[in-house]
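Engineer: Following this line is model.cif, made up of mmCIF, C-alpha atoms:
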```cif
data_data
#
loop_
_atom_site.label_atom_id
_atom_site.label_comp_id
_atom_site.auth_asym_id
_atom_site.auth_seq_id
_atom_site.Cartn_x
_atom_site.Cartn_y
_atom_site.Cartn_z
CA GLY Z 1 101.33 93.65 92.88
CA GLY Z 2 100.84 97.27 93.83
CA GLY Z 3 97.18 96.69 94.54
CA GLY Z 4 97.73 96.17 98.26
CA ALA Z 5 98.54 99.73 99.24
CA ILE Z 6 96.03 101.05 96.76
CA ALA Z 7 93.25 98.87 98.15
CA LEU Z 8 93.96 99.94 101.71
CA SER Z 9 94.24 103.59 100.70
CA LEU Z 10 90.93 103.49 98.89
CA MET Z 11 89.27 101.95 101.92
CA ASP Z 12 90.79 104.64 104.14
CA LYS Z 13 89.51 107.35 101.80
CA LYS Z 14 86.00 105.86 102.19
CA THR Z 15 85.24 105.89 98.50
CA ARG Z 16 82.51 103.37 99.14
CA PRO Z 17 79.22 104.22 100.86
CA GLU Z 18 79.19 103.89 104.63
CA ALA Z 19 75.88 102.05 104.41
CA ALA Z 20 77.20 99.30 102.17
CA SER Z 21 78.12 96.95 105.00
CA GLN Z 22 74.66 97.38 106.50
CA THR Z 23 72.82 96.50 103.32
CA ASP Z 24 74.78 93.39 102.32
CA LEU Z 25 72.56 90.40 101.59
CA ARG Z 26 73.81 86.94 102.42
CA ALA Z 27 73.98 84.34 99.68
CA VAL Z 28 71.13 82.37 101.24
CA ASP Z 29 68.74 85.29 100.74
CA TYR Z 30 68.53 85.22 96.95
CA PRO Z 31 66.63 85.88 94.73
CA ILE Z 32 66.62 89.58 95.47
CA GLN Z 33 63.15 91.06 95.38
CA ALA Z 34 64.18 94.71 95.40
CA GLN Z 35 66.88 96.72 93.72
CA ALA Z 36 69.97 97.50 95.77
CA PRO Z 37 70.27 101.03 97.21
CA GLN Z 38 71.62 103.66 94.85
CA THR Z 39 75.40 103.88 95.08
CA PRO Z 40 78.15 105.42 92.98
CA GLU Z 41 78.81 103.56 89.73
CA TYR Z 42 82.22 101.95 90.17
CA LEU Z 43 81.80 99.49 87.30
CA THR Z 44 82.34 101.82 84.35
CA GLY Z 45 83.56 101.58 80.81
CA GLU Z 46 86.79 103.25 81.83
CA VAL Z 47 87.37 100.57 84.46
CA LEU Z 48 86.82 97.75 81.96
CA LYS Z 49 89.17 99.37 79.46
CA ALA Z 50 91.78 99.88 82.18
CA ALA Z 51 91.59 96.16 82.88
CA GLY Z 52 92.23 95.42 79.21
CA TRP Z 53 88.80 95.10 77.60
CA SER Z 54 88.46 96.29 74.00
CA ALA Z 55 86.15 99.18 73.20
CA ILE Z 56 83.86 96.81 71.28
CA ASN Z 57 83.49 94.33 74.14
CA THR Z 58 83.15 97.14 76.66
CA ASP Z 59 80.23 98.61 74.73
CA LYS Z 60 78.68 95.16 74.27
CA PHE Z 61 78.72 94.08 77.92
CA LEU Z 62 78.85 97.28 79.99
CA PRO Z 63 75.11 98.09 80.32
CA HIS Z 64 74.35 94.52 81.34
CA LEU Z 65 77.25 94.36 83.79
CA GLN Z 66 76.10 97.62 85.35
CA ALA Z 67 72.54 96.31 85.68
CA GLY Z 68 73.83 93.13 87.29
CA ALA Z 69 76.18 95.01 89.60
CA ARG Z 70 73.30 97.15 90.85
CA ARG Z 71 71.01 94.16 91.30
CA TYR Z 72 73.57 92.04 93.12
CA GLN Z 73 75.35 94.79 95.07
CA ILE Z 74 78.74 94.64 93.38
CA ASN Z 75 79.01 98.24 94.43
CA THR Z 76 82.31 99.06 96.13
CA PRO Z 77 85.80 99.46 94.62
CA LEU Z 78 87.00 96.19 96.13
CA ARG Z 79 83.96 94.22 95.00
CA VAL Z 80 84.18 95.58 91.48
CA ALA Z 81 87.96 95.08 91.25
CA HIS Z 82 87.71 91.46 92.35
CA PHE Z 83 84.73 90.82 90.11
CA ILE Z 84 86.41 92.29 87.04
CA ALA Z 85 89.59 90.35 87.79
CA GLN Z 86 87.69 87.07 87.72
CA VAL Z 87 85.41 87.67 84.73
CA SER Z 88 88.27 89.16 82.72
CA HIS Z 89 90.30 86.00 83.16
CA GLU Z 90 87.40 83.60 82.64
CA SER Z 91 86.20 85.31 79.45
CA ALA Z 92 89.49 86.77 78.15
CA CYS Z 93 87.99 90.25 78.61
CA GLY Z 94 84.67 89.41 77.01
CA VAL Z 95 86.03 87.42 74.07
CA TYR Z 96 84.63 84.04 75.17
CA THR Z 97 81.23 83.32 76.70
CA ARG Z 98 81.42 79.58 76.07
CA GLU Z 99 83.99 77.19 77.50
CA LEU Z 100 86.58 76.18 74.93
CA TRP Z 101 85.99 72.46 74.47
CA ASN Z 102 88.23 69.57 73.52
CA GLY Z 103 86.58 66.90 75.65
CA LYS Z 104 89.85 65.93 77.31
CA GLY Z 105 91.17 66.07 80.85
CA ALA Z 106 88.60 67.34 83.34
CA GLN Z 107 86.15 67.93 80.48
CA ALA Z 108 86.09 64.21 79.72
CA LYS Z 109 84.51 63.67 83.14
CA TYR Z 110 81.79 66.32 82.81
CA ASP Z 111 79.24 63.89 81.37
CA THR Z 112 79.08 61.94 84.62
CA ARG Z 113 79.50 64.86 87.05
CA THR Z 114 76.35 64.20 89.07
CA ASP Z 115 77.59 66.74 91.63
CA LEU Z 116 76.95 69.38 88.95
CA GLY Z 117 73.52 67.93 88.15
CA ASN Z 118 74.62 66.09 85.03
CA THR Z 119 73.42 62.52 84.51
CA PRO Z 120 75.62 59.54 85.50
CA GLU Z 121 75.52 58.31 81.89
CA ALA Z 122 77.93 59.46 79.19
CA ASP Z 123 75.12 60.99 77.14
CA GLY Z 124 76.57 64.32 76.06
CA ASP Z 125 75.19 66.55 78.79
CA GLY Z 126 78.71 67.43 79.88
CA TYR Z 127 79.17 69.28 76.61
CA GLN Z 128 75.62 70.66 76.69
CA ASN Z 129 76.21 72.07 80.17
CA ARG Z 130 79.79 73.24 79.62
CA GLY Z 131 80.84 76.60 81.02
CA VAL Z 132 78.78 79.55 79.82
CA GLY Z 133 78.74 83.27 80.52
CA LEU Z 134 81.45 85.66 81.63
CA ILE Z 135 82.21 83.57 84.71
CA GLN Z 136 81.71 80.18 83.01
CA THR Z 137 78.70 78.81 84.93
CA THR Z 138 78.98 75.03 84.57
CA GLY Z 139 76.70 72.01 85.02
CA GLU Z 140 72.96 71.33 84.75
CA THR Z 141 72.15 72.45 88.29
CA ASN Z 142 74.04 75.74 88.20
CA ILE Z 143 72.94 76.66 84.69
CA GLU Z 144 69.26 75.89 85.30
CA GLU Z 145 69.38 77.88 88.54
CA ALA Z 146 70.81 80.88 86.70
CA LEU Z 147 68.24 80.57 83.91
CA ALA Z 148 65.39 80.51 86.42
CA GLU Z 149 66.80 83.42 88.43
CA LEU Z 150 67.14 85.58 85.32
CA GLY Z 151 63.77 84.65 83.81
CA TYR Z 152 65.00 82.58 80.88
CA PRO Z 153 63.28 79.33 79.81
CA PRO Z 154 64.71 76.00 81.02
CA ASP Z 155 67.38 74.44 78.82
CA SER Z 156 68.01 77.74 77.01
CA ASN Z 157 71.73 77.60 77.78
CA ASP Z 158 72.56 79.75 74.77
CA SER Z 159 70.77 82.66 76.50
CA LEU Z 160 73.64 82.79 78.97
CA ALA Z 161 76.17 83.12 76.15
CA MET Z 162 74.58 86.36 74.92
CA PRO Z 163 75.82 89.68 76.38
CA GLU Z 164 72.87 90.15 78.75
CA GLY Z 165 72.73 86.59 80.04
CA ALA Z 166 76.50 86.25 80.16
CA SER Z 167 76.78 89.38 82.31
CA LEU Z 168 73.82 88.81 84.61
CA SER Z 169 74.66 85.15 85.22
CA ALA Z 170 78.18 86.17 86.27
CA CYS Z 171 76.78 88.73 88.71
CA PHE Z 172 74.29 86.18 90.06
CA PHE Z 173 77.04 83.60 90.57
CA TRP Z 174 79.10 86.22 92.39
CA TYR Z 175 76.27 87.10 94.74
CA LYS Z 176 75.03 83.56 95.29
CA HIS Z 177 78.46 82.38 96.41
CA GLY Z 178 79.00 85.23 98.86
CA LEU Z 179 81.81 86.75 96.81
CA ASN Z 180 80.92 90.33 97.74
CA GLU Z 181 81.79 89.55 101.33
CA ILE Z 182 84.83 87.48 100.37
CA ALA Z 183 86.10 90.34 98.20
CA GLU Z 184 85.77 92.81 101.07
CA ARG Z 185 87.77 90.50 103.36
CA SER Z 186 90.42 89.72 100.73
CA GLY Z 187 91.97 93.15 100.33
CA ALA Z 188 94.39 93.09 97.42
CA LYS Z 189 94.80 89.30 97.13
CA VAL Z 190 92.66 87.42 94.62
CA ASP Z 191 93.31 83.87 95.83
CA ARG Z 192 90.12 83.47 97.89
CA CYS Z 193 87.83 84.66 95.12
CA THR Z 194 89.76 82.56 92.63
CA ARG Z 195 89.21 79.44 94.72
CA VAL Z 196 85.45 79.95 94.70
CA VAL Z 197 85.23 80.80 91.00
CA ASN Z 198 87.71 78.24 89.68
CA GLY Z 199 87.62 75.49 92.27
CA GLY Z 200 91.40 75.88 92.39
CA TYR Z 201 93.97 78.51 91.53
CA ASN Z 202 94.30 78.28 87.75
CA GLY Z 203 95.40 81.58 86.25
CA LEU Z 204 96.01 83.16 89.64
CA ALA Z 205 98.75 85.51 88.43
CA ASP Z 206 96.64 86.63 85.49
CA ARG Z 207 93.66 87.36 87.74
CA GLN Z 208 95.94 89.33 90.06
CA ARG Z 209 97.15 91.45 87.14
CA TYR Z 210 93.60 92.38 86.23
CA PHE Z 211 92.87 93.30 89.84
CA ASP Z 212 95.95 95.49 90.06
CA ARG Z 213 95.05 97.29 86.83
CA VAL Z 214 91.60 98.15 88.17
CA MET Z 215 92.93 99.34 91.53
CA THR Z 216 95.56 101.46 89.78
CA HIS Z 217 92.77 103.07 87.77
CA TYR Z 218 90.82 103.79 90.96
CA ALA Z 219 93.94 105.26 92.57
CA GLU Z 220 94.31 107.71 89.69
CA LEU Z 221 90.69 108.77 90.19
CA TYR Z 222 90.38 108.90 93.97
CA LEU Z 223 93.84 109.30 95.51
CA LYS Z 224 94.78 112.71 94.18
#
```
As a first step, turn the structure in this file into structure tokens.
Structural biologist:
Amino acid sequence: GGGGAIALSLMDKKTRPEAASQTDLRAVDYPIQAQAPQTPEYLTGEVLKAAGWSAINTDKFLPHLQAGARRYQINTPLRVAHFIAQVSHESACGVYTRELWNGKGAQAKYDTRTDLGNTPEADGDGYQNRGVGLIQTTGETNIEEALAELGYPPDSNDSLAMPEGASLSACFFWYKHGLNEIAERSGAKVDRCTRVVNGGYNGLADRQRYFDRVMTHYAELYLK
């Protein structure tokens, strides 16, 4: 897409704070005890709408996404563009905060996915711990970790399907897996972030389209 030249141009124009690279926190350092330094707000309603979010979903999720972006340092054009590309695909621009379930294919194996913290028995915890939130956090271990990080009670999975929990859990996942740094190294290509979020490359072209829309919006703002 056209995001390549735009991404490089935005970096050349230094639209992100010089101090950002010095304040990055590594994934092993979470939970964050202090708020990130004040930086320009790159995750805006206009950016979400440019990506394709409806006005209703933008209003519903925006304040929580902004809070999460500040807390977890999703605070440069590249970080925000990659983040929006992934959550837009995973949630269909805020339409879905629960994994669509038919119990077939890979979903049929969730019940015994001990690598995700589910039990080895086919006892229904695969469905209970199906993907939730804007980035589809999946599995007992990952969901309970997000609940604890965000101050929700154990086993309150539905909390992560609500606008606040859905947004903050996505931001936490992003930070925990080092995706801020991966985004900065990725330039205009979304494949590396997609691999971490998806475990593969499902929907790669769709994620790239969202990224390009966001970078085009930034170009109209900053490259005049």
Engineer: Give me the residues near stretch 78-88 of chain Z as JSON, numbers by chain, where near means some atom within 6 Å (using all atoms listed in the file) and where sequence neighbours in that chain fewer than 6 positions away do not count.
Structural biologist: {"Z": [134, 135, 180, 183, 207, 210, 211, 214]}
Engineer: I need the residue nearest Z:Tyr152 from this list: Z:Asp59, Z:Thr138, Z:Gly68, Z:Leu168. Use only C-alpha atoms for the distance.
Structural biologist: Z:Leu168
Engineer: Once the PyMOL selection byres ((chain Z and resi 146) around 12) has been evaluated on this model, what residues remain selected, and can you format them as a PyMOL selection string?
Structural biologist: chain Z and resi 30-31+132-133+135-145+147-157+159-160+165-176
Engineer: Written as a list of chain:residue names, what is the full residue list that the PyMOL selection byres ((chain Z and resi 51) around 7) yields on the file shown?
Structural biologist: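 Here the PyMOL selection byres ((chain Z and resi 51) around 7) matches Z:Val47, Z:Leu48, Z:Lys49, Z:Ala50, Z:Gly52, Z:Trp53, Z:Tyr210, Z:Arg213, Z:Val214.
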Engineer: Could you tell me how far atom CA of Z:Asp158 lies from atom CA of Z:Arg130, in Å and to one decimal?
Structural biologist: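 Atom CA of Z:Asp158 sits 10.9 Å away from atom CA of Z:Arg130.
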Engineer: Would you mind reading off the distance between atom CA of Z:Thr97 and atom CA of Z:Pro163, one decimal, in Å?
Structural biologist: 8.4 Å
Engineer: Measure the distance from atom CA of Z:Thr58 to atom CA of Z:Val95 in Å and round it to one decimal.
Structural biologist: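 Separation of atom CA of Z:Thr58 and atom CA of Z:Val95: 10.5 Å.
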Engineer: Hey, can I get the axis-aligned box for stretch 183-201 of chain Z? All listed atoms, 4 Å padding on each side, centre and edge lengths in Å to one decimal, as AutoDock Vina command-line options.
Structural biologist:
```
--center_x 90.0 --center_y 84.3 --center_z 96.5 --size_x 17.6 --size_y 25.7 --size_z 21.7
```
